[in-house]
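Undergrad: For reference, this is protein-v4.txt, and it has compact mmCIF, C-alpha atoms.
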# COMPACT_ATOMS: atom_id res chain seq x y z
CA MET I 1 17.82 -23.40 4.03
CA VAL I 2 15.70 -20.51 2.72
CA LYS I 3 14.55 -18.26 5.56
CA PRO I 4 10.96 -16.91 5.86
CA HIS I 5 11.95 -13.30 5.21
CA GLU I 6 13.67 -14.41 1.99
CA CYS I 7 10.65 -16.43 0.81
CA LEU I 8 8.04 -13.68 1.07
CA PRO I 9 9.14 -11.50 -1.88
CA ARG I 10 9.42 -14.58 -4.12
CA LEU I 11 5.90 -15.70 -3.23
CA ILE I 12 4.26 -12.78 -5.05
CA VAL I 13 6.19 -13.45 -8.24
CA ALA I 14 5.41 -17.18 -8.15
CA VAL I 15 1.69 -16.62 -7.59
CA ALA I 16 1.54 -13.92 -10.27
CA LEU I 17 3.21 -16.09 -12.90
CA THR I 18 0.92 -19.02 -12.06
CA LEU I 19 -2.24 -16.94 -12.35
CA LEU I 20 -1.20 -15.22 -15.56
CA SER I 21 -0.11 -18.42 -17.28
CA ALA I 22 -3.33 -20.21 -16.36
CA THR I 23 -5.76 -17.48 -17.44
CA ALA I 24 -6.99 -16.37 -20.85
CA LEU I 25 -5.92 -12.73 -21.01
CA ALA I 26 -6.61 -9.81 -23.32
CA GLN I 27 -5.01 -6.43 -23.94
CA ALA I 28 -5.82 -3.80 -21.31
CA SER I 29 -6.75 -0.23 -22.22
CA ALA I 30 -5.80 3.07 -20.57
CA ASP I 31 -9.20 3.04 -18.87
CA ASP I 32 -8.43 -0.41 -17.46
CA ALA I 33 -5.09 0.89 -16.17
CA ASN I 34 -6.80 3.79 -14.43
CA LYS I 35 -9.36 1.47 -12.81
CA SER I 36 -6.67 -0.90 -11.57
CA ASN I 37 -4.43 1.84 -10.13
CA ASN I 38 -7.08 4.21 -8.76
CA PRO I 39 -7.57 3.79 -4.97
CA LEU I 40 -11.05 5.33 -5.37
CA ASN I 41 -12.24 2.82 -7.97
CA PRO I 42 -15.44 1.31 -6.44
CA ALA I 43 -14.63 -2.31 -7.27
CA PRO I 44 -13.68 -5.25 -5.05
CA GLY I 45 -10.03 -6.20 -5.16
CA LEU I 46 -7.31 -8.41 -3.69
CA ASN I 47 -3.68 -7.29 -3.52
CA ALA I 48 -0.39 -8.89 -2.52
CA GLN I 49 2.29 -6.20 -2.26
CA ASP I 50 5.82 -6.39 -0.90
CA SER I 51 8.13 -3.65 0.34
CA TYR I 52 11.71 -4.88 0.69
CA VAL I 53 14.03 -2.35 2.32
CA ALA I 54 17.52 -3.37 1.23
CA LYS I 55 19.38 -0.56 3.02
CA LEU I 56 18.66 1.27 6.28
CA TYR I 57 20.30 4.42 7.59
CA GLY I 58 22.68 3.63 10.44
CA SER I 59 22.33 -0.16 10.08
CA ASP I 60 23.57 -3.06 7.97
CA LYS I 61 20.23 -4.91 8.38
CA HIS I 62 17.21 -5.03 6.08
CA THR I 63 13.43 -5.27 6.55
CA ASN I 64 10.49 -6.65 4.61
CA ASP I 65 6.73 -6.14 4.66
CA LEU I 66 4.35 -8.38 2.74
CA LEU I 67 1.03 -6.49 2.59
CA LEU I 68 -2.09 -8.58 2.01
CA ARG I 69 -4.93 -6.23 1.11
CA GLY I 70 -8.59 -6.49 0.32
CA THR I 71 -10.94 -3.73 -0.84
CA LEU I 72 -14.72 -3.89 -0.66
CA PRO I 73 -17.05 -1.19 -2.06
CA VAL I 74 -20.38 -0.52 -0.36
CA LEU I 75 -23.23 1.04 -2.33
CA PRO I 76 -25.25 4.00 -0.98
CA SER I 77 -28.15 3.15 1.28
CA GLU I 78 -30.99 4.85 3.08
CA HIS I 79 -28.84 5.34 6.17
CA MET I 80 -25.58 6.13 4.37
CA PRO I 81 -26.13 8.10 1.14
CA ALA I 82 -22.46 8.19 0.12
CA PRO I 83 -20.74 5.14 -1.41
CA GLN I 84 -17.84 3.74 0.63
CA ILE I 85 -14.68 1.74 0.09
CA PHE I 86 -13.33 -0.41 2.91
CA ARG I 87 -9.65 -1.38 2.69
CA LEU I 88 -8.10 -3.93 5.05
CA THR I 89 -4.31 -4.36 5.21
CA VAL I 90 -2.75 -7.38 6.93
CA PRO I 91 1.07 -7.12 7.06
CA VAL I 92 3.48 -10.02 7.42
CA SER I 93 6.66 -8.28 8.53
CA THR I 94 10.34 -9.12 8.93
CA ARG I 95 12.52 -7.10 11.30
CA PRO I 96 15.96 -7.52 12.87
CA ASP I 97 15.78 -9.56 16.09
CA PRO I 98 17.18 -7.32 18.86
CA SER I 99 18.03 -10.31 21.07
CA GLY I 100 19.16 -13.08 18.73
CA GLY I 101 20.99 -11.09 16.10
CA GLY I 102 18.98 -12.59 13.25
CA TYR I 103 15.51 -11.74 11.97
CA THR I 104 11.95 -12.16 13.20
CA THR I 105 9.01 -12.73 10.83
CA GLY I 106 5.35 -12.63 11.84
CA LEU I 107 2.05 -10.77 11.79
CA GLY I 108 2.23 -6.98 12.01
CA ASP I 109 -0.41 -4.42 13.03
CA VAL I 110 -3.63 -4.72 11.00
CA ASN I 111 -5.06 -1.53 9.48
CA LEU I 112 -8.59 -0.77 8.24
CA PHE I 113 -9.90 2.41 6.66
CA ASP I 114 -13.33 3.40 5.39
CA ILE I 115 -13.31 5.97 2.58
CA PHE I 116 -16.51 7.85 1.75
CA LEU I 117 -16.60 8.83 -1.93
CA LEU I 118 -17.50 12.48 -2.47
CA LYS I 119 -18.73 14.20 -5.61
CA LYS I 120 -16.18 15.04 -8.29
CA THR I 121 -15.01 18.61 -8.50
CA GLU I 122 -15.72 20.70 -11.60
CA GLY I 123 -12.17 19.95 -12.70
CA GLY I 124 -12.79 16.21 -12.60
CA VAL I 125 -10.90 15.48 -9.35
CA GLU I 126 -12.25 12.48 -7.41
CA LEU I 127 -12.30 12.90 -3.62
CA GLY I 128 -12.65 10.55 -0.68
CA VAL I 129 -12.32 10.89 3.09
CA GLY I 130 -12.96 8.68 6.08
CA PRO I 131 -11.77 7.16 9.39
CA LEU I 132 -9.03 4.60 9.89
CA ILE I 133 -8.01 2.32 12.74
CA THR I 134 -4.91 0.22 13.42
CA ALA I 135 -5.02 -2.71 15.85
CA PRO I 136 -1.98 -3.94 17.86
CA THR I 137 -2.06 -7.43 16.37
CA ALA I 138 1.71 -7.89 15.95
CA SER I 139 2.99 -11.30 17.00
CA LYS I 140 6.28 -9.78 18.29
CA ASP I 141 7.06 -6.39 19.84
CA GLU I 142 9.48 -5.45 17.05
CA LEU I 143 6.80 -6.06 14.40
CA GLY I 144 4.29 -3.48 15.65
CA ALA I 145 3.69 -0.40 17.77
CA GLY I 146 1.81 -2.13 20.61
CA LYS I 147 -0.85 0.58 20.48
CA TRP I 148 -4.41 1.01 19.25
CA GLN I 149 -4.39 3.88 16.76
CA ALA I 150 -7.14 5.89 15.08
CA GLY I 151 -7.22 8.73 12.63
CA LEU I 152 -8.33 9.97 9.23
CA ALA I 153 -7.55 9.23 5.59
CA GLY I 154 -8.11 11.47 2.58
CA VAL I 155 -7.66 10.77 -1.12
CA ALA I 156 -7.65 13.07 -4.15
CA ILE I 157 -7.22 11.64 -7.66
CA HIS I 158 -7.40 13.29 -11.08
CA PRO I 159 -7.90 10.64 -13.77
CA SER I 160 -7.28 11.29 -17.47
CA PRO I 161 -6.57 9.16 -20.54
CA GLY I 162 -2.88 9.75 -19.85
CA GLY I 163 -3.03 8.32 -16.32
CA LEU I 164 -3.60 9.35 -12.72
CA LEU I 165 -2.31 12.20 -10.56
CA GLY I 166 -3.13 12.63 -6.90
CA GLY I 167 -2.30 11.44 -3.42
CA LEU I 168 -3.33 9.60 -0.26
CA LEU I 169 -2.96 11.35 3.11
CA GLN I 170 -3.25 9.43 6.40
CA TRP I 171 -2.91 10.57 10.00
CA GLN I 172 -3.21 8.39 13.09
CA HIS I 173 -2.64 8.74 16.83
CA SER I 174 -2.48 6.10 19.55
CA PHE I 175 -5.25 6.09 22.16
CA ALA I 176 -4.80 2.79 24.05
CA GLY I 177 -2.50 -0.19 24.33
CA ASP I 178 0.73 -1.12 26.08
CA SER I 179 1.62 1.70 28.45
CA ASP I 180 5.32 0.81 28.19
CA ARG I 181 5.37 1.47 24.43
CA ALA I 182 5.96 4.88 22.87
CA THR I 183 3.10 7.15 21.83
CA VAL I 184 2.28 6.95 18.12
CA ASN I 185 1.50 10.09 16.13
CA THR I 186 2.24 9.64 12.43
CA LEU I 187 1.40 11.42 9.20
CA THR I 188 1.95 9.79 5.80
CA LEU I 189 1.57 11.28 2.35
CA GLN I 190 1.66 9.09 -0.75
CA PRO I 191 1.91 11.16 -3.95
CA LEU I 192 0.59 9.03 -6.79
CA TRP I 193 1.68 9.43 -10.42
CA ILE I 194 0.66 6.94 -13.11
CA HIS I 195 1.50 7.47 -16.79
CA ASN I 196 -0.29 5.12 -19.17
CA LEU I 197 1.59 3.61 -22.09
CA ARG I 198 0.38 1.23 -24.82
CA GLU I 199 -0.93 -2.33 -24.42
CA GLY I 200 -1.50 -2.12 -20.67
CA TRP I 201 1.99 -0.89 -19.75
CA TYR I 202 2.42 2.13 -17.49
CA LEU I 203 5.02 4.07 -15.48
CA ARG I 204 4.51 4.77 -11.79
CA SER I 205 5.80 6.69 -8.77
CA THR I 206 4.09 6.04 -5.40
CA GLY I 207 6.66 6.45 -2.62
CA ILE I 208 5.14 7.06 0.84
CA TRP I 209 6.48 10.07 2.76
CA THR I 210 6.39 9.26 6.48
CA PHE I 211 6.54 11.78 9.33
CA ASP I 212 6.83 10.66 12.97
CA LEU I 213 5.22 13.61 14.71
CA ALA I 214 5.90 12.18 18.18
CA GLY I 215 9.59 11.45 17.59
CA SER I 216 10.37 14.17 15.02
CA ASN I 217 11.74 11.60 12.56
CA TYR I 218 10.84 11.49 8.88
CA TYR I 219 11.85 10.12 5.51
CA ILE I 220 10.84 11.18 2.01
CA PRO I 221 11.33 8.57 -0.73
CA ILE I 222 10.77 8.92 -4.45
CA GLY I 223 10.04 5.93 -6.64
CA PHE I 224 10.13 5.22 -10.33
CA GLY I 225 8.90 1.93 -11.73
CA THR I 226 6.71 0.22 -14.26
CA GLY I 227 3.75 -2.11 -14.42
CA LYS I 228 1.70 -4.20 -16.81
CA ILE I 229 -2.04 -4.90 -16.75
CA TRP I 230 -3.89 -7.85 -18.24
CA LYS I 231 -7.65 -8.29 -18.55
CA THR I 232 -9.71 -11.49 -18.53
CA SER I 233 -12.94 -12.14 -20.41
CA ASP I 234 -15.01 -11.48 -17.28
CA GLY I 235 -13.40 -8.05 -16.77
CA THR I 236 -10.99 -9.00 -13.97
CA LEU I 237 -7.76 -6.97 -14.09
CA TYR I 238 -4.32 -8.32 -13.12
CA ASN I 239 -1.77 -5.62 -12.35
CA LEU I 240 1.86 -6.70 -11.89
CA PHE I 241 4.34 -3.94 -10.97
CA ALA I 242 7.80 -3.18 -9.57
CA GLU I 243 9.04 0.19 -8.27
CA PRO I 244 12.50 0.90 -6.81
CA GLN I 245 12.42 3.75 -4.29
CA TRP I 246 15.22 6.02 -3.04
CA THR I 247 15.03 8.24 0.06
CA LEU I 248 15.85 11.85 -0.82
CA ALA I 249 15.64 13.32 2.69
CA HIS I 250 15.44 11.86 6.18
CA ASP I 251 16.04 12.48 9.89
CA GLY I 252 16.80 9.51 12.14
CA ASP I 253 18.46 6.08 12.04
CA GLY I 254 16.83 2.80 11.09
CA LEU I 255 14.85 4.44 8.30
CA PRO I 256 14.70 3.14 4.70
CA LYS I 257 17.53 4.27 2.43
CA PHE I 258 16.71 2.13 -0.62
CA SER I 259 13.75 -0.18 -1.13
CA VAL I 260 11.89 -2.09 -3.81
CA PHE I 261 8.09 -2.07 -3.85
CA PHE I 262 6.42 -4.67 -6.04
CA GLY I 263 3.30 -6.78 -6.16
CA LEU I 264 0.17 -8.06 -7.83
CA ASN I 265 -3.14 -6.20 -7.67
CA VAL I 266 -6.31 -8.00 -8.73
CA THR I 267 -9.41 -5.91 -9.48
CA LEU I 268 -12.40 -8.22 -9.69
CA GLY I 269 -14.74 -7.95 -12.66
CA LYS I 270 -18.43 -8.66 -12.98
Please lay out the structure from this file as structure tokens.
TA:
Amino acid sequence: MVKPHECLPRLIVAVALTLLSATALAQASADDANKSNNPLNPAPGLNAQDSYVAKLYGSDKHTNDLLLRGTLPVLPSEHMPAPQIFRLTVPVSTRPDPSGGGYTTGLGDVNLFDIFLLKKTEGGVELGVGPLITAPTASKDELGAGKWQAGLAGVAIHPSPGGLLGGLLQWQHSFAGDSDRATVNTLTLQPLWIHNLREGWYLRSTGIWTFDLAGSNYYIPIGFGTGKIWKTSDGTLYNLFAEPQWTLAHDGDGLPKFSVFFGLNVTLGK
């Protein structure tokens, strides 16, 4: 019998192949690649991304996170002159079961951030900043922190015909929730490097550096992968990618040693 945590990574591939085989697709340009990969692109989108951690430090177990994401741009208004991008992330997570010796799969903690788009710098760097909140929605204790968390997110991206260079910085701290659970104080930095190739192909590196400021643990991965973008007649972009990631430095057990990040991003057209 195939277990739930083994099915989740395969689901993305199956859905991607079904969509791509059933849709009339055209060649994507470098500009299309930048739009699809830029977190500050003001376009609605739907993403299914999976992070499978094959090896953990100090453990023979593995973990998996299926991230279901939606982005929604909001145009400037009388009350809010800056355009915004809302991004909602709903994780379906798999973790080792501390009591049964197997694995537990279920809903993780849901995250929402609201990025306000700022004016470009003279050097062409796109900037965004805004609040974020994480809700303790996990269906099992081992799948979430058990705490309400709030903080800030900031994004800086420099687009060019050759690709994208920049990063996403997020900080959050717990302020309510289960008093028996540990305080959360985390900082993550995601350096983003995209190098555009021909015919919609590109190279990528997007590993997320995670620092547990409350527990003094951290891990710094570096990734190197590739992706391919297709475009439909209505301007919708399909972005299929895979990126192995290796941890170069860490402090603490139970942290990722080697993982594979892959998924399908859909940027909706007109």
Undergrad: Between I:Ala43, I:Ala249, I:Ala150, I:Leu118, which one has atoms that come closest to I:Phe86, using only C-alpha atoms?
TA: I:Ala43
Undergrad: Would you work out the distance separating atom CA of I:Asp60 from atom CA of I:Phe258, expressed in Å to one decimal?
TA: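 It comes out at 12.2 Å.
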Undergrad: Could you work out how far atom CA of I:Asp212 lies from atom CA of I:Pro39, giving the answer in Å with one decimal?
TA: 24.0 Å
Undergrad: One number please: atom CA of I:Leu169 to atom CA of I:Val92, in Å, one decimal.
TA: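 Atom-to-atom, atom CA of I:Leu169 to atom CA of I:Val92, that is 22.7 Å.
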Undergrad: Looking at I:Thr210, I:Asn239, I:Asn64, I:Ser216, which one is nearest to I:Ala33, with distances taken over all atoms listed in the file?
TA: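 Ranking I:Thr210, I:Asn239, I:Asn64, I:Ser216 by distance to I:Ala33, first place goes to I:Asn239.
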Undergrad: So that I can see what lies close to I:Leu203, please list as a list in words the residues with an atom at most 6 Å from it, counting only C-alpha atoms and leaving out residues fewer than 2 positions away in the same chain.
TA: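 Selected residues are Ile194, His195, Gly225 and Thr226 of chain I.
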Undergrad: Got a sec: who's within 10 Å of stretch 158-165 of chain I, counting all atoms listed in the file, leaving out chain neighbours fewer than 4 positions off, as a PyMOL selection string?
TA: chain I and resi 29-31+33-35+37-38+120-121+123-127+191-197+202-205
Undergrad: Stretch 120-224 of chain I near stretch 98-114 of chain I within 12 Å: what's each residue's closest atom pair and its distance in Å to one decimal, counting all atoms listed in the file, ordered by chain then ascending residue number, as JSON lines?
TA:
{"residue": "I:Gly128", "atom": "CA", "partner": "I:Asp114", "partner_atom": "CA", "distance": 9.4}
{"residue": "I:Val129", "atom": "CA", "partner": "I:Asp114", "partner_atom": "CA", "distance": 7.9}
{"residue": "I:Gly130", "atom": "CA", "partner": "I:Asp114", "partner_atom": "CA", "distance": 5.3}
{"residue": "I:Pro131", "atom": "CA", "partner": "I:Asp114", "partner_atom": "CA", "distance": 5.7}
{"residue": "I:Leu132", "atom": "CA", "partner": "I:Phe113", "partner_atom": "CA", "distance": 4.0}
{"residue": "I:Ile133", "atom": "CA", "partner": "I:Leu112", "partner_atom": "CA", "distance": 5.5}
{"residue": "I:Thr134", "atom": "CA", "partner": "I:Asn111", "partner_atom": "CA", "distance": 4.3}
{"residue": "I:Ala135", "atom": "CA", "partner": "I:Val110", "partner_atom": "CA", "distance": 5.4}
{"residue": "I:Pro136", "atom": "CA", "partner": "I:Asp109", "partner_atom": "CA", "distance": 5.1}
{"residue": "I:Thr137", "atom": "CA", "partner": "I:Asp109", "partner_atom": "CA", "distance": 4.8}
{"residue": "I:Ala138", "atom": "CA", "partner": "I:Gly108", "partner_atom": "CA", "distance": 4.1}
{"residue": "I:Ser139", "atom": "CA", "partner": "I:Leu107", "partner_atom": "CA", "distance": 5.3}
{"residue": "I:Lys140", "atom": "CA", "partner": "I:Gly106", "partner_atom": "CA", "distance": 7.1}
{"residue": "I:Asp141", "atom": "CA", "partner": "I:Gly108", "partner_atom": "CA", "distance": 9.2}
{"residue": "I:Glu142", "atom": "CA", "partner": "I:Thr104", "partner_atom": "CA", "distance": 8.1}
{"residue": "I:Leu143", "atom": "CA", "partner": "I:Gly108", "partner_atom": "CA", "distance": 5.2}
{"residue": "I:Gly144", "atom": "CA", "partner": "I:Gly108", "partner_atom": "CA", "distance": 5.5}
{"residue": "I:Ala145", "atom": "CA", "partner": "I:Asp109", "partner_atom": "CA", "distance": 7.4}
{"residue": "I:Gly146", "atom": "CA", "partner": "I:Asp109", "partner_atom": "CA", "distance": 8.2}
{"residue": "I:Lys147", "atom": "CA", "partner": "I:Asp109", "partner_atom": "CA", "distance": 9.0}
{"residue": "I:Trp148", "atom": "CA", "partner": "I:Asp109", "partner_atom": "CA", "distance": 9.2}
{"residue": "I:Gln149", "atom": "CA", "partner": "I:Asn111", "partner_atom": "CA", "distance": 9.1}
{"residue": "I:Ala150", "atom": "CA", "partner": "I:Phe113", "partner_atom": "CA", "distance": 9.5}
{"residue": "I:Gly151", "atom": "CA", "partner": "I:Phe113", "partner_atom": "CA", "distance": 9.1}
{"residue": "I:Leu152", "atom": "CA", "partner": "I:Phe113", "partner_atom": "CA", "distance": 8.1}
{"residue": "I:Ala153", "atom": "CA", "partner": "I:Phe113", "partner_atom": "CA", "distance": 7.3}
{"residue": "I:Gly154", "atom": "CA", "partner": "I:Asp114", "partner_atom": "CA", "distance": 10.0}
{"residue": "I:Val155", "atom": "CA", "partner": "I:Asp114", "partner_atom": "CA", "distance": 11.4}
{"residue": "I:Leu168", "atom": "CA", "partner": "I:Phe113", "partner_atom": "CA", "distance": 11.9}
{"residue": "I:Leu169", "atom": "CA", "partner": "I:Phe113", "partner_atom": "CA", "distance": 11.9}
{"residue": "I:Gln170", "atom": "CA", "partner": "I:Phe113", "partner_atom": "CA", "distance": 9.7}
{"residue": "I:Trp171", "atom": "CA", "partner": "I:Phe113", "partner_atom": "CA", "distance": 11.3}
{"residue": "I:Gln172", "atom": "CA", "partner": "I:Asn111", "partner_atom": "CA", "distance": 10.7}
Undergrad: With distances taken over only C-alpha atoms, which residue among I:Asp234, I:Asp251, I:Asp180, I:Asp65 lies nearest I:Thr267?
TA: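 Closest residue, counting only C-alpha atoms: I:Asp234.
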Undergrad: Can you tell me, as a ChimeraX atom specification, what residues are no more than 7 Å from I:Phe241 when counting all atoms listed in the file, ignoring any on the same chain fewer than 4 positions away?
TA: /I:226-228,262-264
Undergrad: Of the candidates I:Ser51, I:Asn41, I:Ser179, I:Thr63, which shows the shortest atom-to-atom distance to I:Ile85, using all atoms listed in the file?
TA: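 Looking at the shortest contact to I:Ile85, the residue is I:Asn41.
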Undergrad: Which residue, I:Glu78, I:Glu122, I:Asp50, I:Asp97, has the smallest gap to I:Ser259 when you use all atoms listed in the file?
TA: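 Of I:Glu78, I:Glu122, I:Asp50, I:Asp97, the one nearest I:Ser259 is I:Asp50, counting all atoms listed in the file.
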Undergrad: Between I:Leu75, I:Ala54, I:Leu46, I:Leu88, which is the closest to I:Gly254 once you count all atoms listed in the file?
TA: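 Nearest candidate to I:Gly254 out of I:Leu75, I:Ala54, I:Leu46, I:Leu88: I:Ala54.
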Undergrad: Excluding same-chain residues fewer than 5 positions from I:Tyr218, what lies within 12 Å of it counting all atoms listed in the file, as JSON, numbers by chain?
TA: {"I": [57, 185, 186, 187, 188, 189, 208, 209, 210, 211, 212, 213, 247, 248, 249, 250, 251, 252, 253, 254, 255, 256, 257]}
